[in-house]
file run_7.cif (mmCIF, C-alpha atoms)
data_protein
#
loop_
_atom_site.label_atom_id
_atom_site.label_comp_id
_atom_site.auth_asym_id
_atom_site.auth_seq_id
_atom_site.Cartn_x
_atom_site.Cartn_y
_atom_site.Cartn_z
CA MET Y 7 37.75 -101.13 -66.66
CA ALA Y 8 34.96 -99.64 -68.70
CA HIS Y 9 32.75 -99.78 -65.66
CA LYS Y 10 35.26 -97.91 -63.64
CA LEU Y 11 35.58 -95.20 -66.29
CA LEU Y 12 31.83 -94.77 -66.40
CA LYS Y 13 31.78 -94.56 -62.71
CA GLY Y 14 34.39 -91.85 -62.88
CA VAL Y 15 32.33 -89.91 -65.38
CA ARG Y 16 29.29 -90.23 -63.30
CA SER Y 17 31.22 -89.00 -60.29
CA ALA Y 18 32.53 -86.12 -62.27
CA LYS Y 19 29.08 -85.18 -63.46
CA LYS Y 20 27.67 -85.50 -59.99
CA SER Y 21 30.37 -83.25 -58.61
CA SER Y 22 29.77 -80.71 -61.38
CA LEU Y 23 26.05 -80.69 -60.69
CA LYS Y 24 26.59 -80.11 -57.00
CA LYS Y 25 28.84 -77.19 -57.81
CA GLN Y 26 26.28 -75.81 -60.27
CA PHE Y 27 23.49 -76.12 -57.71
CA LYS Y 28 25.60 -74.36 -55.16
CA GLN Y 29 26.31 -71.48 -57.56
CA ASP Y 30 22.65 -71.19 -58.49
CA LYS Y 31 21.71 -71.07 -54.83
CA GLU Y 32 24.28 -68.35 -54.19
CA LYS Y 33 22.97 -66.27 -57.11
CA LYS Y 34 19.43 -66.55 -55.81
CA ARG Y 35 20.58 -65.46 -52.36
CA GLN Y 36 22.44 -62.47 -53.84
CA LYS Y 37 19.41 -61.50 -55.95
CA ALA Y 38 17.17 -61.71 -52.87
CA ALA Y 39 19.63 -59.58 -50.90
CA GLN Y 40 19.78 -57.00 -53.71
CA LYS Y 41 16.01 -56.95 -53.94
CA ALA Y 42 15.70 -56.48 -50.20
CA LYS Y 43 18.29 -53.69 -50.36
CA ARG Y 44 16.40 -51.94 -53.19
CA GLU Y 45 13.15 -52.19 -51.24
CA GLU Y 46 14.87 -50.78 -48.17
CA GLU Y 47 16.30 -47.91 -50.24
CA ARG Y 48 12.87 -47.33 -51.77
CA ASP Y 49 11.36 -47.06 -48.29
CA GLU Y 50 13.99 -44.50 -47.36
CA ASN Y 51 13.89 -42.71 -50.69
CA PRO Y 52 10.59 -43.13 -52.53
CA LEU Y 53 12.21 -41.80 -55.71
CA ALA Y 54 14.90 -44.45 -55.85
CA GLY Y 55 14.62 -46.63 -58.90
CA LEU Y 56 12.19 -44.33 -60.69
CA LYS Y 57 12.76 -42.72 -64.01
CA LYS Y 58 13.53 -39.02 -64.30
CA TRP Y 59 10.12 -38.03 -65.60
CA GLN Y 60 8.51 -39.99 -62.75
CA LYS Y 61 10.71 -38.31 -60.13
CA LYS Y 62 9.90 -34.87 -61.59
CA ALA Y 63 6.18 -35.53 -61.55
CA ILE Y 64 6.29 -36.72 -57.92
CA ARG Y 65 8.33 -33.69 -56.83
CA GLN Y 66 5.94 -31.26 -58.53
CA GLU Y 67 2.96 -32.91 -56.88
CA ALA Y 68 4.64 -32.75 -53.45
CA ALA Y 69 5.49 -29.06 -53.94
CA ALA Y 70 1.89 -28.30 -54.88
CA GLN Y 71 0.60 -30.10 -51.81
CA ALA Y 72 3.06 -28.21 -49.53
CA ALA Y 73 2.03 -24.87 -51.01
CA ALA Y 74 -1.63 -25.68 -50.53
CA ALA Y 75 -1.00 -26.68 -46.89
CA ALA Y 76 0.96 -23.49 -46.20
CA GLN Y 77 -1.78 -21.37 -47.74
CA ALA Y 78 -4.41 -23.13 -45.65
CA ALA Y 79 -2.35 -22.60 -42.45
CA ALA Y 80 -1.88 -18.91 -43.25
CA GLY Y 81 -5.58 -18.51 -43.86
CA LEU Y 82 -6.37 -20.18 -40.54
CA ALA Y 83 -3.91 -17.93 -38.66
CA LYS Y 84 -5.35 -14.84 -40.32
CA ALA Y 85 -8.85 -15.95 -39.45
CA LYS Y 86 -7.81 -16.36 -35.79
CA VAL Y 87 -6.24 -12.89 -35.69
CA THR Y 88 -9.31 -11.36 -37.30
CA THR Y 89 -11.57 -13.12 -34.82
CA LYS Y 90 -9.42 -11.97 -31.90
CA ARG Y 91 -9.43 -8.37 -33.12
CA ALA Y 92 -13.18 -8.46 -33.65
CA ARG Y 93 -13.70 -9.84 -30.15
CA ALA Y 94 -11.43 -7.14 -28.69
CA LYS Y 95 -13.39 -4.45 -30.51
CA VAL Y 96 -16.65 -5.84 -29.21
CA GLU Y 97 -15.32 -5.98 -25.64
CA SER Y 98 -13.87 -2.49 -25.94
CA ALA Y 99 -17.10 -1.17 -27.31
CA ALA Y 100 -18.98 -2.81 -24.46
CA GLU Y 101 -16.62 -1.36 -21.83
CA ALA Y 102 -16.17 2.07 -23.33
CA PRO Y 103 -18.84 4.49 -22.21
CA SER Y 104 -20.83 6.32 -24.77
CA PRO Y 105 -20.17 10.04 -25.16
CA GLY Y 106 -23.18 10.72 -22.98
CA GLN Y 107 -22.05 8.28 -20.29
CA SER Y 108 -18.50 9.69 -20.36
CA SER Y 109 -19.86 13.19 -19.96
CA GLN Y 110 -22.07 12.10 -17.05
CA ARG Y 111 -19.16 10.36 -15.35
CA SER Y 112 -16.94 13.39 -15.80
CA GLN Y 113 -19.61 15.64 -14.32
CA LYS Y 114 -20.06 13.30 -11.35
CA GLU Y 115 -16.31 13.24 -10.74
CA LYS Y 116 -16.15 17.03 -10.89
CA LYS Y 117 -19.06 17.35 -8.50
CA LEU Y 118 -17.46 14.89 -6.11
CA ALA Y 119 -14.12 16.72 -6.30
CA LYS Y 120 -15.85 20.05 -5.61
CA LYS Y 121 -17.75 18.54 -2.71
CA GLU Y 122 -14.56 17.15 -1.20
CA ALA Y 123 -12.79 20.48 -1.70
CA ARG Y 124 -15.66 22.35 0.01
CA GLN Y 125 -15.65 19.87 2.87
CA GLN Y 126 -11.89 20.17 3.30
CA ALA Y 127 -12.09 23.97 3.24
CA HIS Y 128 -14.90 23.88 5.80
CA GLN Y 129 -12.89 21.64 8.11
CA GLN Y 130 -9.87 23.91 7.75
CA ARG Y 131 -11.95 26.93 8.76
CA GLN Y 132 -13.48 25.05 11.69
CA HIS Y 133 -10.12 23.97 13.00
CA ARG Y 134 -8.41 27.34 12.55
CA GLU Y 135 -11.29 29.26 14.10
CA LEU Y 136 -10.59 27.49 17.39
CA TYR Y 137 -7.39 29.51 17.71
CA ALA Y 138 -8.41 32.72 15.94
CA GLY Y 139 -8.61 34.81 19.12
CA SER Y 140 -5.84 36.84 20.68
CA GLY Y 141 -5.83 35.12 24.09
CA ARG Y 142 -2.92 33.14 25.47
CA VAL Y 143 -2.59 29.59 24.13
CA LEU Y 144 -0.60 26.92 25.96
CA LEU Y 145 0.48 23.92 23.89
CA VAL Y 146 1.56 20.93 25.95
CA GLY Y 147 3.23 17.71 24.84
CA GLU Y 148 4.77 19.30 21.74
CA GLY Y 149 7.17 16.95 19.99
CA ASN Y 150 9.25 18.81 17.47
CA PHE Y 151 7.30 22.13 17.77
CA SER Y 152 6.02 21.83 14.18
CA PHE Y 153 2.41 22.49 15.24
CA ALA Y 154 3.47 25.54 17.24
CA ARG Y 155 5.35 26.87 14.23
CA ALA Y 156 2.31 26.28 11.98
CA LEU Y 157 0.02 27.99 14.51
CA CYS Y 158 2.30 31.05 14.56
CA GLU Y 159 2.22 31.22 10.77
CA VAL Y 160 -1.56 30.86 10.52
CA ARG Y 161 -2.15 33.51 13.19
CA GLY Y 162 0.48 35.75 11.62
CA SER Y 163 2.36 36.08 14.90
CA GLY Y 164 3.60 34.05 17.83
CA ASP Y 165 2.34 36.57 20.39
CA GLY Y 166 0.52 34.80 23.20
CA ILE Y 167 1.62 31.32 22.08
CA TYR Y 168 3.43 29.23 24.66
CA ALA Y 169 4.65 25.89 23.31
CA SER Y 170 5.93 23.38 25.86
CA ALA Y 171 7.55 19.96 25.67
CA PHE Y 172 7.90 17.30 28.34
CA ASP Y 173 11.51 16.48 27.40
CA GLY Y 174 14.64 18.32 28.39
CA GLU Y 175 17.02 19.82 25.85
CA ALA Y 176 19.33 16.79 25.44
CA THR Y 177 16.47 14.29 25.13
CA LEU Y 178 14.59 16.56 22.75
CA LYS Y 179 17.57 16.82 20.40
CA ARG Y 180 18.02 13.06 20.43
CA LYS Y 181 14.37 12.24 19.80
CA TYR Y 182 13.52 15.03 17.35
CA PRO Y 183 16.53 16.26 15.32
CA ASP Y 184 14.52 19.13 13.77
CA ALA Y 185 13.14 20.43 17.09
CA VAL Y 186 15.90 22.99 17.73
CA GLU Y 187 15.39 24.70 14.38
CA LEU Y 188 11.59 24.73 14.79
CA GLN Y 189 11.94 26.16 18.31
CA LYS Y 190 14.01 28.94 16.87
CA GLN Y 191 11.38 29.71 14.22
CA VAL Y 192 8.60 29.85 16.85
CA GLU Y 193 10.61 32.28 18.96
CA GLU Y 194 11.52 34.42 15.93
CA LYS Y 195 7.78 34.83 15.29
CA GLY Y 196 7.27 36.06 18.87
CA GLY Y 197 6.25 32.77 20.49
CA THR Y 198 7.67 31.19 23.64
CA THR Y 199 9.04 27.66 23.89
CA LEU Y 200 9.41 25.81 27.20
CA LEU Y 201 11.05 22.50 28.08
CA ASN Y 202 10.60 20.06 30.99
CA VAL Y 203 6.88 20.88 31.32
CA ASP Y 204 4.73 18.06 32.73
CA ALA Y 205 1.17 18.29 31.37
CA THR Y 206 -0.19 16.70 34.56
CA LYS Y 207 1.45 19.34 36.81
CA LEU Y 208 0.76 22.58 34.99
CA HIS Y 209 -0.80 24.20 38.06
CA LYS Y 210 2.51 23.88 39.91
CA VAL Y 211 3.95 26.60 37.69
CA ARG Y 212 2.73 29.73 39.47
CA GLU Y 213 2.67 31.86 36.30
CA PHE Y 214 0.35 29.35 34.61
CA ARG Y 215 -2.51 29.59 37.08
CA ASP Y 216 -5.63 31.24 35.63
CA ALA Y 217 -3.48 32.43 32.73
CA PHE Y 218 -4.66 30.79 29.50
CA SER Y 219 -7.65 31.06 27.19
CA ILE Y 220 -6.80 27.72 25.58
CA ILE Y 221 -4.76 24.76 26.74
CA LEU Y 222 -4.17 22.29 23.89
CA TRP Y 223 -2.72 18.80 23.89
CA ASN Y 224 -2.44 17.20 20.46
CA PHE Y 225 -2.51 13.40 20.53
CA PRO Y 226 -1.53 12.63 24.13
CA HIS Y 227 0.33 9.36 24.54
CA LEU Y 228 2.68 7.86 27.11
CA GLY Y 229 4.80 6.02 24.56
CA ALA Y 230 5.45 3.32 27.17
CA GLY Y 231 4.95 0.39 24.81
CA GLU Y 232 2.65 -1.43 27.23
CA LYS Y 233 1.45 -4.68 25.60
CA ASP Y 234 -1.44 -5.35 27.98
CA VAL Y 235 -4.35 -3.54 26.31
CA GLU Y 236 -6.44 -2.95 29.41
CA LYS Y 237 -3.46 -1.85 31.46
CA ASN Y 238 -2.43 0.50 28.66
CA ASN Y 239 -5.93 2.00 28.54
CA ASP Y 240 -5.94 2.44 32.32
CA LEU Y 241 -2.58 4.23 32.26
CA HIS Y 242 -3.82 6.67 29.63
CA ARG Y 243 -7.06 7.32 31.50
CA LYS Y 244 -5.00 8.26 34.56
CA LEU Y 245 -2.77 10.48 32.43
CA LEU Y 246 -5.73 12.37 30.95
CA SER Y 247 -7.52 12.67 34.29
CA ALA Y 248 -4.45 14.27 35.85
CA PHE Y 249 -4.14 16.60 32.86
CA PHE Y 250 -7.75 17.78 33.06
CA MET Y 251 -7.48 18.47 36.81
CA SER Y 252 -4.28 20.45 36.35
CA ALA Y 253 -5.38 22.31 33.19
CA LEU Y 254 -8.62 23.46 34.82
CA ARG Y 255 -6.62 25.43 37.37
CA CYS Y 256 -4.68 27.21 34.61
CA LEU Y 257 -7.67 28.45 32.57
CA ASP Y 258 -9.06 31.96 32.65
CA GLU Y 259 -12.81 32.43 33.22
CA GLN Y 260 -13.81 31.66 29.63
CA GLY Y 261 -10.94 29.25 28.94
CA THR Y 262 -11.25 25.91 27.13
CA VAL Y 263 -9.26 22.70 27.10
CA HIS Y 264 -8.61 21.06 23.71
CA VAL Y 265 -7.49 17.48 23.19
CA ALA Y 266 -6.84 16.06 19.71
CA MET Y 267 -7.18 12.30 19.34
CA LYS Y 268 -7.18 9.76 16.53
CA GLU Y 269 -10.37 7.87 15.85
CA GLY Y 270 -10.89 4.22 16.67
CA GLU Y 271 -9.16 2.03 19.21
CA PRO Y 272 -7.47 2.21 21.62
CA TYR Y 273 -8.40 5.90 21.87
CA LYS Y 274 -12.13 5.25 21.99
CA SER Y 275 -11.65 3.11 25.10
CA TRP Y 276 -10.02 5.99 26.97
CA LYS Y 277 -13.50 7.57 27.40
CA ILE Y 278 -12.17 11.10 27.20
CA VAL Y 279 -15.56 12.81 27.61
CA GLN Y 280 -16.36 10.95 30.84
CA LEU Y 281 -12.82 11.51 32.12
CA ALA Y 282 -13.09 15.28 31.72
CA LYS Y 283 -16.34 15.28 33.74
CA VAL Y 284 -15.32 12.89 36.46
CA SER Y 285 -11.82 14.24 37.02
CA THR Y 286 -13.11 17.82 37.43
CA ASP Y 287 -16.28 16.93 39.37
CA GLY Y 288 -18.44 17.89 36.40
CA VAL Y 289 -16.88 21.33 35.91
CA LEU Y 290 -15.38 20.57 32.50
CA GLN Y 291 -17.91 19.40 29.96
CA LEU Y 292 -17.80 18.78 26.26
CA GLN Y 293 -18.56 21.92 24.26
CA LYS Y 294 -17.92 20.75 20.69
CA VAL Y 295 -16.03 18.26 18.52
CA VAL Y 296 -14.20 19.47 15.42
CA PRO Y 297 -12.45 17.33 12.77
CA PHE Y 298 -8.67 17.62 12.95
CA SER Y 299 -7.63 19.18 9.63
CA LEU Y 300 -4.06 18.28 8.77
CA SER Y 301 -4.11 20.62 5.77
CA ALA Y 302 -5.05 23.57 8.01
CA TRP Y 303 -1.54 23.59 9.48
CA PRO Y 304 1.11 23.67 6.74
CA GLY Y 305 4.34 22.06 7.86
CA TYR Y 306 2.84 20.19 10.80
CA GLU Y 307 4.27 16.70 11.13
CA HIS Y 308 2.96 14.35 13.76
CA ARG Y 309 5.65 12.86 15.95
CA ARG Y 310 5.46 9.87 18.26
CA THR Y 311 6.24 10.23 21.95
CA ARG Y 312 9.16 7.84 21.54
CA GLY Y 313 10.76 10.11 18.97
CA PHE Y 314 11.16 10.54 15.23
CA ASN Y 315 11.22 7.44 13.06
CA GLU Y 316 11.15 7.89 9.30
CA ARG Y 317 9.12 4.72 8.78
CA PHE Y 318 6.44 5.59 11.35
CA SER Y 319 6.15 9.37 11.07
CA LYS Y 320 4.93 9.38 7.48
CA LYS Y 321 2.46 6.64 8.34
CA ASP Y 322 1.27 8.62 11.39
CA ASN Y 323 0.46 11.67 9.26
CA GLU Y 324 -1.47 9.44 6.87
CA GLU Y 325 -3.42 8.07 9.84
CA LEU Y 326 -4.35 11.61 10.90
CA ALA Y 327 -5.65 12.28 7.41
CA LYS Y 328 -7.88 9.20 7.73
CA GLY Y 329 -9.55 10.54 10.83
CA ALA Y 330 -8.85 12.53 13.99
CA LYS Y 331 -10.88 14.93 16.11
CA VAL Y 332 -10.39 17.84 18.47
CA TYR Y 333 -12.51 17.65 21.63
CA VAL Y 334 -13.22 21.05 23.17
CA PHE Y 335 -14.12 21.22 26.87
CA ALA Y 336 -15.32 24.31 28.74
CA ARG Y 337 -16.49 25.29 32.22
CA SER Y 338 -19.90 26.26 30.94
CA GLN Y 339 -22.66 23.72 30.41
CA GLY Y 340 -21.64 21.73 27.35
CA ASN Y 341 -23.65 20.83 24.33
CA ALA Y 342 -25.51 17.66 25.31
CA GLU Y 343 -26.02 16.59 21.71
CA ALA Y 344 -22.33 16.97 20.86
CA GLU Y 345 -21.46 14.98 23.96
CA GLN Y 346 -23.85 12.19 23.00
CA ASP Y 347 -22.47 12.09 19.46
CA ALA Y 348 -18.94 11.78 20.78
CA GLU Y 349 -19.94 8.97 23.11
CA ASP Y 350 -21.62 7.06 20.29
CA GLU Y 351 -18.53 7.13 18.06
#

call {"tool": "encode", "arguments": {"input": "run_7.cif", "output": "structure tokens"}}
result
Amino acid sequence: MAHKLLKGVRSAKKSSLKKQFKQDKEKKRQKAAQKAKREEERDENPLAGLKKWQKKAIRQEAAAQAAAAAQAAAGLAKAKVTTKRARAKVESAAEAPSPGQSSQRSQKEKKLAKKEARQQAHQQRQHRELYAGSGRVLLVGEGNFSFARALCEVRGSGDGIYASAFDGEATLKRKYPDAVELQKQVEEKGGTTLLNVDATKLHKVREFRDAFSIILWNFPHLGAGEKDVEKNNDLHRKLLSAFFMSALRCLDEQGTVHVAMKEGEPYKSWKIVQLAKVSTDGVLQLQKVVPFSLSAWPGYEHRRTRGFNERFSKKDNEELAKGAKVYVFARSQGNAEAEQDAEDE
């Protein structure tokens, strides 16, 4: 009996110890979990678990460090701006001419402008002098009659000026909307306008024979739109040959034939100087070549054979300003040097 009681006590003690061990183990686990949680919080918030005076000291130190970093960044930015400005000043000083250089450049520009103005004025005089006389002038291939109108204004009268167009009235109105008004202005100044005049058959008009001091064709062109370059050149050579043969029969004794042409191709390939000689059996020869001065004829607007096109017409006038010439042919022996110069161009 006593043994059994002892055994019961022992069992009770053993059970109590197991329970105590279990509780101790649980407490240790909880403490470890709390410690881990505090460490985790400390990682997230370095100030966690510190005393107030410690937190204050850390915050003050952090603020001082941030201020120092901001000041350093501002100083660096300012240094960059200063460097950039200094570099810009140096570059500007290097590019900017000195007062002496600026003065020299200004003088050169003025001299160049004066030279260009003198050259332009000289070309204007040269071009206008061709038509300064009082003899009859026949213009063929006029588009909208703007050159004829300008010629009447420059001469101060339309007396002796006969401006002709290849097109009939209906076609002319369709191709050149401003032609009717310009015709009217030419006639009001005393000039004469004619339609349906073929530049290759001038001699067939009885009144034209031996009648003119000057026969002028500005920028002859078929306007056929031929894509084959050689065929196009051949067609224009035939056109000009027929014109020279016909015009020769309509000149007075001292008369001249004038043809204005743009520089460069395809016009160079038309061989206008040779054509004039060959087509007239050497009677017409080159007398002189004068630059075509667009500014000499206020209001003149170049028009294509096909008709007015706002996109092209402005461009055409700009092309004339870049370079065009008036070839003057006469019955008398021409200037050999002028002829050679024209052939070389």

call {"tool": "atom_distance", "arguments": {"input": "run_7.cif", "atom1": "CA of Gln125 in chain Y", "atom2": "CA of Leu300 in chain Y"}}
result
13.1 Å

call {"tool": "closest_residue", "arguments": {"input": "run_7.cif", "among": "Y:Leu201, Y:Val284, Y:Val296, Y:Ala92", "to": "Glu135 in chain Y", "atoms": "only C-alpha atoms"}}
result
Y:Val296

call {"tool": "residues_around", "arguments": {"input": "run_7.cif", "residues": "Met267 in chain Y", "least_positions_apart": "3", "cutoff": "10 Å", "atoms": "all atoms listed in the file", "output": "list of chain:residue names"}}
result
Y:Trp223, Y:Asn224, Y:Phe225, Y:Pro226, Y:His227, Y:His264, Y:Gly270, Y:Tyr273, Y:Lys274, Y:Ile278, Y:Pro297, Y:Phe298, Y:Leu326, Y:Gly329, Y:Ala330, Y:Lys331, Y:Val332, Y:Tyr333

call {"tool": "residues_around", "arguments": {"input": "run_7.cif", "residues": "Phe250 in chain Y", "least_positions_apart": "5", "cutoff": "8 Å", "atoms": "only C-alpha atoms", "output": "list in words"}}
result
Thr206, Val263, Ala282, Ser285 and Thr286 of chain Y

call {"tool": "closest_residue", "arguments": {"input": "run_7.cif", "among": "Y:Leu257, Y:Leu178, Y:Val289, Y:Leu222", "to": "Arg309 in chain Y", "atoms": "only C-alpha atoms"}}
result
Y:Leu178

call {"tool": "closest_residue", "arguments": {"input": "run_7.cif", "among": "Y:Lys195, Y:Lys181, Y:Lys33, Y:Lys294", "to": "Val160 in chain Y", "atoms": "all atoms listed in the file"}}
result
Y:Lys195

call {"tool": "closest_residue", "arguments": {"input": "run_7.cif", "among": "Y:Ala176, Y:Glu269, Y:Val146, Y:Ala79", "to": "Leu208 in chain Y", "atoms": "all atoms listed in the file"}}
result
Y:Val146

call {"tool": "atom_distance", "arguments": {"input": "run_7.cif", "atom1": "CA of Ala327 in chain Y", "atom2": "CA of Trp276 in chain Y"}}
result
21.0 Å

call {"tool": "closest_residue", "arguments": {"input": "run_7.cif", "among": "Y:Asn150, Y:Asn202, Y:Gln293, Y:Ser163", "to": "Tyr182 in chain Y", "atoms": "all atoms listed in the file"}}
result
Y:Asn150

call {"tool": "closest_residue", "arguments": {"input": "run_7.cif", "among": "Y:Tyr168, Y:Phe151, Y:Tyr306, Y:Trp59", "to": "Glu213 in chain Y", "atoms": "only C-alpha atoms"}}
result
Y:Tyr168

call {"tool": "atom_distance", "arguments": {"input": "run_7.cif", "atom1": "CA of Ser152 in chain Y", "atom2": "CA of Gly197 in chain Y"}}
result
12.6 Å

call {"tool": "resolve_selection", "arguments": {"input": "run_7.cif", "expression": "the PyMOL selection byres ((chain Y and resi 132-134) around 7)", "output": "list in words"}}
result
His128, Gln129, Gln130, Arg131, Glu135, Leu136, Tyr137, Ala138, Val296, Phe298, Ser299 and Ala302 of chain Y

call {"tool": "residues_around", "arguments": {"input": "run_7.cif", "residues": "Glu159 in chain Y", "least_positions_apart": "4", "cutoff": "10 Å", "atoms": "only C-alpha atoms", "output": "PDB file with C-alpha atoms, keeping the file's coordinate frame"}}
result
ATOM      1  CA  PHE Y 153       2.410  22.490  15.240  1.00  0.00           C
ATOM      2  CA  ALA Y 154       3.470  25.540  17.240  1.00  0.00           C
ATOM      3  CA  ARG Y 155       5.350  26.870  14.230  1.00  0.00           C
ATOM      4  CA  SER Y 163       2.360  36.080  14.900  1.00  0.00           C
ATOM      5  CA  GLY Y 164       3.600  34.050  17.830  1.00  0.00           C
ATOM      6  CA  GLN Y 191      11.380  29.710  14.220  1.00  0.00           C
ATOM      7  CA  VAL Y 192       8.600  29.850  16.850  1.00  0.00           C
ATOM      8  CA  LYS Y 195       7.780  34.830  15.290  1.00  0.00           C
ATOM      9  CA  TRP Y 303      -1.540  23.590   9.480  1.00  0.00           C
ATOM     10  CA  PRO Y 304       1.110  23.670   6.740  1.00  0.00           C
ATOM     11  CA  GLY Y 305       4.340  22.060   7.860  1.00  0.00           C
TER      12      GLY Y 305
END

call {"tool": "decode", "arguments": {"input": "run_7.cif", "residues": "range 177-184 of chain Y", "atoms": "all heavy atoms", "output": "JSON list (two decimals), in the first residue's frame"}}
result
[["chain", "number", "residue", "atom", "x", "y", "z"],
["Y", 177, "THR", "N", -8.26, 80.32, -126.38],
["Y", 177, "THR", "CA", -7.14, 79.59, -125.76],
["Y", 177, "THR", "C", -6.32, 80.51, -124.87],
["Y", 177, "THR", "O", -5.88, 80.11, -123.78],
["Y", 177, "THR", "CB", -6.24, 78.98, -126.85],
["Y", 177, "THR", "OG1", -7.02, 78.16, -127.70],
["Y", 177, "THR", "CG2", -5.13, 78.15, -126.22],
["Y", 178, "LEU", "N", -6.12, 81.74, -125.34],
["Y", 178, "LEU", "CA", -5.34, 82.70, -124.56],
["Y", 178, "LEU", "C", -5.99, 82.98, -123.21],
["Y", 178, "LEU", "O", -5.31, 83.02, -122.17],
["Y", 178, "LEU", "CB", -5.19, 84.00, -125.35],
["Y", 178, "LEU", "CG", -4.18, 85.01, -124.80],
["Y", 178, "LEU", "CD1", -2.76, 84.52, -125.05],
["Y", 178, "LEU", "CD2", -4.39, 86.38, -125.43],
["Y", 179, "LYS", "N", -7.30, 83.17, -123.21],
["Y", 179, "LYS", "CA", -8.02, 83.44, -121.96],
["Y", 179, "LYS", "C", -7.92, 82.25, -121.01],
["Y", 179, "LYS", "O", -7.80, 82.43, -119.79],
["Y", 179, "LYS", "CB", -9.48, 83.75, -122.26],
["Y", 179, "LYS", "CG", -9.72, 85.11, -122.89],
["Y", 179, "LYS", "CD", -11.21, 85.33, -123.13],
["Y", 179, "LYS", "CE", -11.47, 86.68, -123.77],
["Y", 179, "LYS", "NZ", -12.92, 86.90, -124.03],
["Y", 180, "ARG", "N", -7.98, 81.06, -121.58],
["Y", 180, "ARG", "CA", -7.92, 79.86, -120.73],
["Y", 180, "ARG", "C", -6.52, 79.68, -120.14],
["Y", 180, "ARG", "O", -6.38, 79.36, -118.95],
["Y", 180, "ARG", "CB", -8.30, 78.63, -121.56],
["Y", 180, "ARG", "CG", -8.16, 77.31, -120.79],
["Y", 180, "ARG", "CD", -8.63, 76.14, -121.63],
["Y", 180, "ARG", "NE", -7.93, 76.06, -122.91],
["Y", 180, "ARG", "CZ", -6.72, 75.53, -123.06],
["Y", 180, "ARG", "NH1", -6.05, 75.06, -122.00],
["Y", 180, "ARG", "NH2", -6.15, 75.48, -124.25],
["Y", 181, "LYS", "N", -5.49, 79.88, -120.93],
["Y", 181, "LYS", "CA", -4.13, 79.65, -120.47],
["Y", 181, "LYS", "C", -3.59, 80.78, -119.60],
["Y", 181, "LYS", "O", -2.84, 80.52, -118.64],
["Y", 181, "LYS", "CB", -3.20, 79.47, -121.68],
["Y", 181, "LYS", "CG", -3.43, 78.16, -122.42],
["Y", 181, "LYS", "CD", -2.69, 78.13, -123.76],
["Y", 181, "LYS", "CE", -1.21, 78.18, -123.63],
["Y", 181, "LYS", "NZ", -0.51, 78.02, -124.92],
["Y", 182, "TYR", "N", -3.95, 82.02, -119.94],
["Y", 182, "TYR", "CA", -3.42, 83.18, -119.20],
["Y", 182, "TYR", "C", -4.57, 84.11, -118.81],
["Y", 182, "TYR", "O", -4.96, 85.00, -119.58],
["Y", 182, "TYR", "CB", -2.41, 83.93, -120.07],
["Y", 182, "TYR", "CG", -1.39, 83.05, -120.74],
["Y", 182, "TYR", "CD1", -1.42, 82.81, -122.12],
["Y", 182, "TYR", "CD2", -0.39, 82.44, -119.99],
["Y", 182, "TYR", "CE1", -0.49, 82.00, -122.73],
["Y", 182, "TYR", "CE2", 0.55, 81.61, -120.60],
["Y", 182, "TYR", "CZ", 0.50, 81.39, -121.96],
["Y", 182, "TYR", "OH", 1.42, 80.58, -122.56],
["Y", 183, "PRO", "N", -5.14, 83.93, -117.63],
["Y", 183, "PRO", "CA", -6.31, 84.72, -117.20],
["Y", 183, "PRO", "C", -6.08, 86.23, -117.21],
["Y", 183, "PRO", "O", -7.03, 86.99, -117.35],
["Y", 183, "PRO", "CB", -6.56, 84.20, -115.78],
["Y", 183, "PRO", "CG", -5.96, 82.84, -115.75],
["Y", 183, "PRO", "CD", -4.77, 82.91, -116.64],
["Y", 184, "ASP", "N", -4.83, 86.67, -117.06],
["Y", 184, "ASP", "CA", -4.56, 88.11, -116.99],
["Y", 184, "ASP", "C", -4.23, 88.71, -118.35],
["Y", 184, "ASP", "O", -3.98, 89.92, -118.47],
["Y", 184, "ASP", "CB", -3.41, 88.39, -116.02],
["Y", 184, "ASP", "CG", -2.14, 87.59, -116.37],
["Y", 184, "ASP", "OD1", -2.24, 86.66, -117.19],
["Y", 184, "ASP", "OD2", -1.09, 87.90, -115.81]]
